[in-house]
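**Student:** Let me give you the structure first, and then I'll get to my questions.
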Amino acid sequence: MLLGGIADDLTGAVELAGMLAAGGMRVALVLDDAPIPSGQDAVVVALPSRVAPVAEARDGFARAADALLGAGARMLFFKYCATFDSTPQGNIGPCADLLMERTGAPFTLFAPSFPEAERRVFMGHLFVGAQLVSNSPKRFDPLTPMTEPDLVKVLAAQTARRVGLLPLPVVAQGEAAVARHAAVLREAGLSYAIADAATEEDLATLARASWDWPLATGGSNLAAHYPPIWREKGLLAPAAALPPARAGGHGVVLAGSCSDRTREQVAHFAGHHPVLRIDLARLETPAAALRKAAGWALPRLERGPVCITTAGDPEAVAAAQARLGREGAALAAVLLLGGLALALVAAGARRLLVAGGETSGAVIRALGIARLTVAPYVSPGIGLCAAEAPEPLALCLKSGKLGPVDMFGTVLERMRA
């Protein structure tokens with residue numbers, strides 16, 4: 001196994017697995033503590049760790065790292081969101097510390113840039129498009145708001161290890177310059193460096209400098225540059241392309257993300273299909289809310305796709321959090337949508353599009369799915385995969401912040417058998 005990936009949410013795991021599959025690797029994706037399959041070039045473990053308590057997140061990473069290393073992984077890769085968000089106490093720093101301990105790595109880079117999705121790092125500062133992340137809609141995230149754009153400061157607040165910067169002028173000089181700069185930082189007592197990257201060429205340079213490291217971290221498109229390097233080194237043979245994820249049966253959208261992009265996608269879908277919006281600030285008992293939502297959806301499934309969403313604007317989110325607390329509102333949303341997924345699949349839904357990393361994880365766990373077959377990556381936000389639960393399911397698990405505005409309807413149609 002060339003790469004053992006650990007992702008801090010399910011949509012990130014799907015994206016990472018999809019990019020590796022697009023590079024010609026045999027990839028398996030497993031959830032939580034499911035067994036690590038053999039015969040793979042890469043295995044990606046999805047953990048619900050981004051907003052978990054620090055000790056819980058570290059324990060999950062320890063089990064995943066031990067399982068992947070025990071299965072022979074040459075490199076561990078920690079995949080986090082391109083907006084580098086977690087809780088104020090972690091979990092990027094604490095989980096990276098754990099992986100450093102497990103692998104014995106003396107140094108590693110943090111490269112969250114995702115140029116295709118307009119996420120770039122310059123002088124250690126994260127930009128979303130032309131805005132610093134602290135000026136972008138990400139500052140309003142109900143669970144993991146990003147109000148500090150300097151990622152050196154963000155990471156340094158989460159670890160006792162020293163953190164430095166790998167600036168863009170060094171990256172522009174090529175892999176040898178990156179290796180020299182990393183050695184200088186390491187000799188100065190630093191363990192980590194935030195890596196600038198503005199283009200895919202910058203990420204390719206970082207990949208060429210780190211392809212044989214025991215530990216690397218970053219966005220999925222840093223890892224996407226490893227397969228051609230490993231093939232060039234004679235370590236990887238091309239794998240057969242997987243067929244697209246398709247299924248018969250009804251189509252359903254379950255949207256838990258409160259990001260601007262998901263709310264735009266819900267609004268577009270509402271122009272063509274029925275949408276039920278659930279106000280968490282006025283939530284009845286969970287059982288009553290589940291019965292009412294299922295009763296709304298079931299008669300409509302025969303006529304075409306439907307969407308059920310708990311997403312609201314910042315004012316609605318604030319009202320829900322005032323009533324239920326920040327964690328309580330998030331938990332209510334994912335439990336409700338997970339329960340609805342179970343009810344709708346039992347009623348014949350076979351094509352599910354789920355918006356939001358935490359929501360995706362809740363839905364997959366509610367359905368009792370421990371392993372996914374991931375299709376090769378297509379574009380940001382469109383993570384297509386398949387599962388048996390026990391009927392064949394076609395799934396699109398999307399990051400809340402990504403994907404074209406019209407994707408709900410078009411992707412559900414693409415998944416039709």
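Residues are referred to by chain and number: the chain letter is A, B, ... according to the order shown in the structure tokens, the number counts from 1 in that chain, and ligands are numbered separately from 1 in the order shown.
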Could you list, as a PyMOL selection string, every residue within 9 Å of A:Thr83, counting only C-alpha atoms and ignoring same-chain residues fewer than 2 positions away?

**Tutor:** chain A and resi 80-81+85+112-113+119+126-128+133+138+146

**Student:** Which residues are near stretch 331-334 of chain A? Cut-off 7 Å, only C-alpha atoms, ignore same chain within fewer than 2 positions. Put them as a compact mmCIF listing (two decimals) with all heavy atoms, in the first residue's frame.

**Tutor:**
```txt
# COMPACT_ATOMS: atom_id res chain seq x y z
N GLY A 256 -27.60 19.40 4.89
CA GLY A 256 -27.41 19.87 6.24
C GLY A 256 -26.45 21.04 6.34
O GLY A 256 -26.45 21.76 7.34
N THR A 310 -32.08 21.21 6.43
CA THR A 310 -32.07 21.90 7.71
C THR A 310 -31.23 23.17 7.63
O THR A 310 -31.01 23.84 8.64
CB THR A 310 -31.50 20.99 8.81
OG1 THR A 310 -30.18 20.58 8.45
CG2 THR A 310 -32.38 19.76 9.01
N GLU A 327 -23.49 22.91 19.50
CA GLU A 327 -23.35 21.49 19.22
C GLU A 327 -24.71 20.81 19.16
O GLU A 327 -24.91 19.89 18.36
CB GLU A 327 -22.47 20.83 20.28
CG GLU A 327 -21.02 21.30 20.23
CD GLU A 327 -20.16 20.60 21.27
OE1 GLU A 327 -20.70 19.76 22.02
OE2 GLU A 327 -18.96 20.90 21.33
N GLY A 328 -25.65 21.27 19.98
CA GLY A 328 -26.98 20.67 19.98
C GLY A 328 -27.71 20.87 18.67
O GLY A 328 -28.39 19.96 18.17
N ALA A 329 -27.58 22.08 18.08
CA ALA A 329 -28.23 22.34 16.79
C ALA A 329 -27.63 21.47 15.70
O ALA A 329 -28.34 20.90 14.87
CB ALA A 329 -28.09 23.82 16.44
N LEU A 336 -31.53 14.01 12.49
CA LEU A 336 -32.77 14.05 11.73
C LEU A 336 -32.55 13.60 10.29
O LEU A 336 -33.30 12.76 9.76
CB LEU A 336 -33.35 15.47 11.78
CG LEU A 336 -34.62 15.71 10.96
CD1 LEU A 336 -35.73 14.76 11.37
CD2 LEU A 336 -35.07 17.16 11.11
N LEU A 337 -31.52 14.12 9.64
CA LEU A 337 -31.28 13.77 8.24
C LEU A 337 -30.81 12.32 8.12
O LEU A 337 -31.14 11.64 7.14
CB LEU A 337 -30.28 14.74 7.62
CG LEU A 337 -30.80 16.18 7.50
CD1 LEU A 337 -29.70 17.10 6.99
CD2 LEU A 337 -32.01 16.26 6.59
N GLY A 338 -30.05 11.82 9.09
CA GLY A 338 -29.67 10.41 9.07
C GLY A 338 -30.89 9.51 9.20
O GLY A 338 -31.02 8.51 8.48
N THR A 359 -23.05 15.95 7.74
CA THR A 359 -24.30 15.32 7.33
C THR A 359 -24.04 14.04 6.56
O THR A 359 -24.71 13.01 6.77
CB THR A 359 -25.13 16.29 6.47
OG1 THR A 359 -25.25 17.54 7.14
CG2 THR A 359 -26.51 15.73 6.19
N ALA A 362 -23.16 11.30 8.93
CA ALA A 362 -24.33 10.84 9.68
C ALA A 362 -25.23 9.96 8.84
O ALA A 362 -25.76 8.95 9.32
CB ALA A 362 -25.10 12.05 10.22
```

**Student:** Here is a test: counting only C-alpha atoms, which residue of A:Ile369, A:Ala224, A:Leu132, A:Met1 is nearest to A:Ala71?

**Tutor:**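 Ranked by minimum distance to A:Ala71, first place goes to A:Met1.
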
**Student:** Please report, as a list of chain:residue names, each residue of stretch 142-199 of chain A to which DSSP assigns alpha helix (DSSP H) when run on this structure's backbone.

**Tutor:**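 Written out, the alpha helix (DSSP H) residues of stretch 142-199 of chain A are A:Leu151, A:Val152, A:Lys153, A:Val154, A:Leu155, A:Ala156, A:Leu168, A:Pro169, A:Val170, A:Val171, A:Ala172, A:Glu175, A:Ala176, A:Ala177, A:Val178, A:Ala179, A:Arg180, A:His181, A:Ala182, A:Ala183, A:Val184, A:Leu185, A:Arg186, A:Glu187.
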
**Student:** Any chance you could list, as JSON, numbers by chain, the residues in stretch 209-412 of chain A that come up strand (DSSP E or B) when DSSP is run on the backbone?

**Tutor:** {"A": [215, 216, 217, 218, 247, 250, 251, 252, 253, 254, 255, 275, 276, 277, 306, 307, 308, 309, 349, 350, 351, 352, 353, 354, 355, 371, 372, 373, 374, 384, 385, 386, 387, 388, 392, 393, 394, 395, 396, 397, 398]}

**Student:** May I ask which of the residues A:Ala320, A:Val411, A:Leu76, A:Val405 is the closest one to A:Ala267, counting only C-alpha atoms?

**Tutor:**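 Checking each of A:Ala320, A:Val411, A:Leu76, A:Val405 against A:Ala267, counting only C-alpha atoms, the winner is A:Val405.
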
**Student:** What's around A:Pro37 at 12 Å? Count only C-alpha atoms, leave out sequence neighbours fewer than 6 positions away in its own chain, and write the answer as a PyMOL selection string.

**Tutor:** chain A and resi 1+4+26-31+43-45+67-68+70-73+370-372

**Student:** For A:Leu298, please output as a PyMOL selection string all residues within 10 Å (counting only C-alpha atoms; exclusion window: fewer than 4 positions along the same chain).

**Tutor:** chain A and resi 293-294+302+306+343-344+347-349

**Student:** Could you save those same residues with all heavy atoms as an mmCIF file, in the first residue's frame?

**Tutor:**
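Writing done, so here's again-v8.cif:
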```cif
data_model
loop_
_atom_site.group_PDB
_atom_site.id
_atom_site.type_symbol
_atom_site.label_atom_id
_atom_site.label_comp_id
_atom_site.auth_asym_id
_atom_site.auth_seq_id
_atom_site.Cartn_x
_atom_site.Cartn_y
_atom_site.Cartn_z
ATOM 1 N N ALA A 293 -41.496 14.920 8.349
ATOM 2 C CA ALA A 293 -40.691 15.069 7.130
ATOM 3 C C ALA A 293 -40.845 13.858 6.219
ATOM 4 O O ALA A 293 -40.965 13.995 4.993
ATOM 5 C CB ALA A 293 -39.223 15.278 7.501
ATOM 6 N N ALA A 294 -40.824 12.661 6.801
ATOM 7 C CA ALA A 294 -41.010 11.455 5.988
ATOM 8 C C ALA A 294 -42.405 11.448 5.361
ATOM 9 O O ALA A 294 -42.568 11.078 4.188
ATOM 10 C CB ALA A 294 -40.791 10.205 6.841
ATOM 11 N N GLU A 302 -42.601 9.393 -6.002
ATOM 12 C CA GLU A 302 -43.000 8.814 -7.287
ATOM 13 C C GLU A 302 -42.989 9.840 -8.411
ATOM 14 O O GLU A 302 -42.865 9.490 -9.583
ATOM 15 C CB GLU A 302 -44.392 8.186 -7.174
ATOM 16 C CG GLU A 302 -44.469 6.988 -6.246
ATOM 17 C CD GLU A 302 -43.735 5.768 -6.787
ATOM 18 O OE1 GLU A 302 -43.408 5.760 -7.996
ATOM 19 O OE2 GLU A 302 -43.476 4.835 -6.002
ATOM 20 N N VAL A 306 -36.837 14.906 -4.535
ATOM 21 C CA VAL A 306 -37.219 15.869 -3.518
ATOM 22 C C VAL A 306 -35.975 16.258 -2.725
ATOM 23 O O VAL A 306 -34.955 15.562 -2.751
ATOM 24 C CB VAL A 306 -38.295 15.315 -2.567
ATOM 25 C CG1 VAL A 306 -39.534 14.895 -3.337
ATOM 26 C CG2 VAL A 306 -37.749 14.151 -1.736
ATOM 27 N N ALA A 343 -35.297 6.047 6.471
ATOM 28 C CA ALA A 343 -36.708 5.878 6.113
ATOM 29 C C ALA A 343 -36.918 5.941 4.602
ATOM 30 O O ALA A 343 -37.695 5.161 4.028
ATOM 31 C CB ALA A 343 -37.542 6.950 6.803
ATOM 32 N N LEU A 344 -36.215 6.843 3.933
ATOM 33 C CA LEU A 344 -36.429 7.022 2.490
ATOM 34 C C LEU A 344 -35.803 5.889 1.685
ATOM 35 O O LEU A 344 -36.352 5.464 0.663
ATOM 36 C CB LEU A 344 -35.876 8.380 2.056
ATOM 37 C CG LEU A 344 -36.591 9.576 2.694
ATOM 38 C CD1 LEU A 344 -35.909 10.879 2.314
ATOM 39 C CD2 LEU A 344 -38.069 9.620 2.306
ATOM 40 N N ALA A 347 -38.063 3.136 1.656
ATOM 41 C CA ALA A 347 -39.204 3.375 0.772
ATOM 42 C C ALA A 347 -38.825 3.364 -0.704
ATOM 43 O O ALA A 347 -39.671 3.660 -1.554
ATOM 44 C CB ALA A 347 -39.853 4.711 1.126
ATOM 45 N N GLY A 348 -37.568 3.046 -1.030
ATOM 46 C CA GLY A 348 -37.197 2.913 -2.432
ATOM 47 C C GLY A 348 -36.253 3.957 -2.974
ATOM 48 O O GLY A 348 -35.936 3.954 -4.166
ATOM 49 N N ALA A 349 -35.784 4.890 -2.143
ATOM 50 C CA ALA A 349 -34.775 5.849 -2.618
ATOM 51 C C ALA A 349 -33.457 5.110 -2.836
ATOM 52 O O ALA A 349 -32.998 4.385 -1.955
ATOM 53 C CB ALA A 349 -34.587 6.974 -1.610
#
```

**Student:** Just the residues within 8 Å of A:Leu109, please, counting only C-alpha atoms, with nothing from its chain fewer than 2 positions along; format it as a list in words.

**Tutor:**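 So the residues in contact are Phe107, Ala111, Tyr192, Ala193, Ile194, Ala195, Ala216, Thr217 and Gly218 of chain A.
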
**Student:** Using Å and a single decimal, report how far atom CA of A:Thr87 sits from atom CA of A:Cys307.

**Tutor:**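 Straight-line distance from atom CA of A:Cys307 to atom CA of A:Thr87 works out to 29.3 Å.
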
**Student:** Mind pulling up the distance from atom CA of A:Pro94 to atom CA of A:Glu187?

**Tutor:**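 Atom-to-atom, atom CA of A:Glu187 and atom CA of A:Pro94 are spaced 22.4 Å apart.
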
**Student:** Compile the contact shell of A:Arg102 as a ChimeraX atom specification: residues with an atom at most 8 Å away, counting only C-alpha atoms, same-chain residues fewer than 4 positions apart removed.

**Tutor:** /A:62,65-66,98

**Student:** Counting only C-alpha atoms, which of A:His125, A:Arg50, A:His225, A:Arg180 gets nearest to A:Gly24?

**Tutor:** A:His225

**Student:** Neighbours of A:Ala21 within 8 Å (only C-alpha atoms; same-chain residues fewer than 2 positions away dropped), as an mmCIF file with C-alpha atoms, in the first residue's frame?

**Tutor:**
```cif
data_model
loop_
_atom_site.group_PDB
_atom_site.id
_atom_site.type_symbol
_atom_site.label_atom_id
_atom_site.label_comp_id
_atom_site.auth_asym_id
_atom_site.auth_seq_id
_atom_site.Cartn_x
_atom_site.Cartn_y
_atom_site.Cartn_z
ATOM 1 C CA ALA A 17 -10.197 8.651 -2.801
ATOM 2 C CA GLY A 18 -11.666 9.994 -6.045
ATOM 3 C CA MET A 19 -8.501 11.905 -6.913
ATOM 4 C CA GLY A 23 -4.649 8.847 -10.962
ATOM 5 C CA GLY A 24 -4.998 5.143 -11.707
ATOM 6 C CA MET A 25 -4.775 3.761 -8.186
ATOM 7 C CA ARG A 26 -6.815 0.914 -6.697
ATOM 8 C CA VAL A 27 -8.506 2.677 -3.776
ATOM 9 C CA ALA A 241 -11.149 2.717 -14.311
ATOM 10 C CA VAL A 374 -15.497 5.784 -5.010
ATOM 11 C CA ALA A 375 -15.614 6.843 -8.654
ATOM 12 C CA PRO A 376 -12.720 8.829 -10.149
ATOM 13 C CA TYR A 377 -12.795 12.538 -9.299
#
```
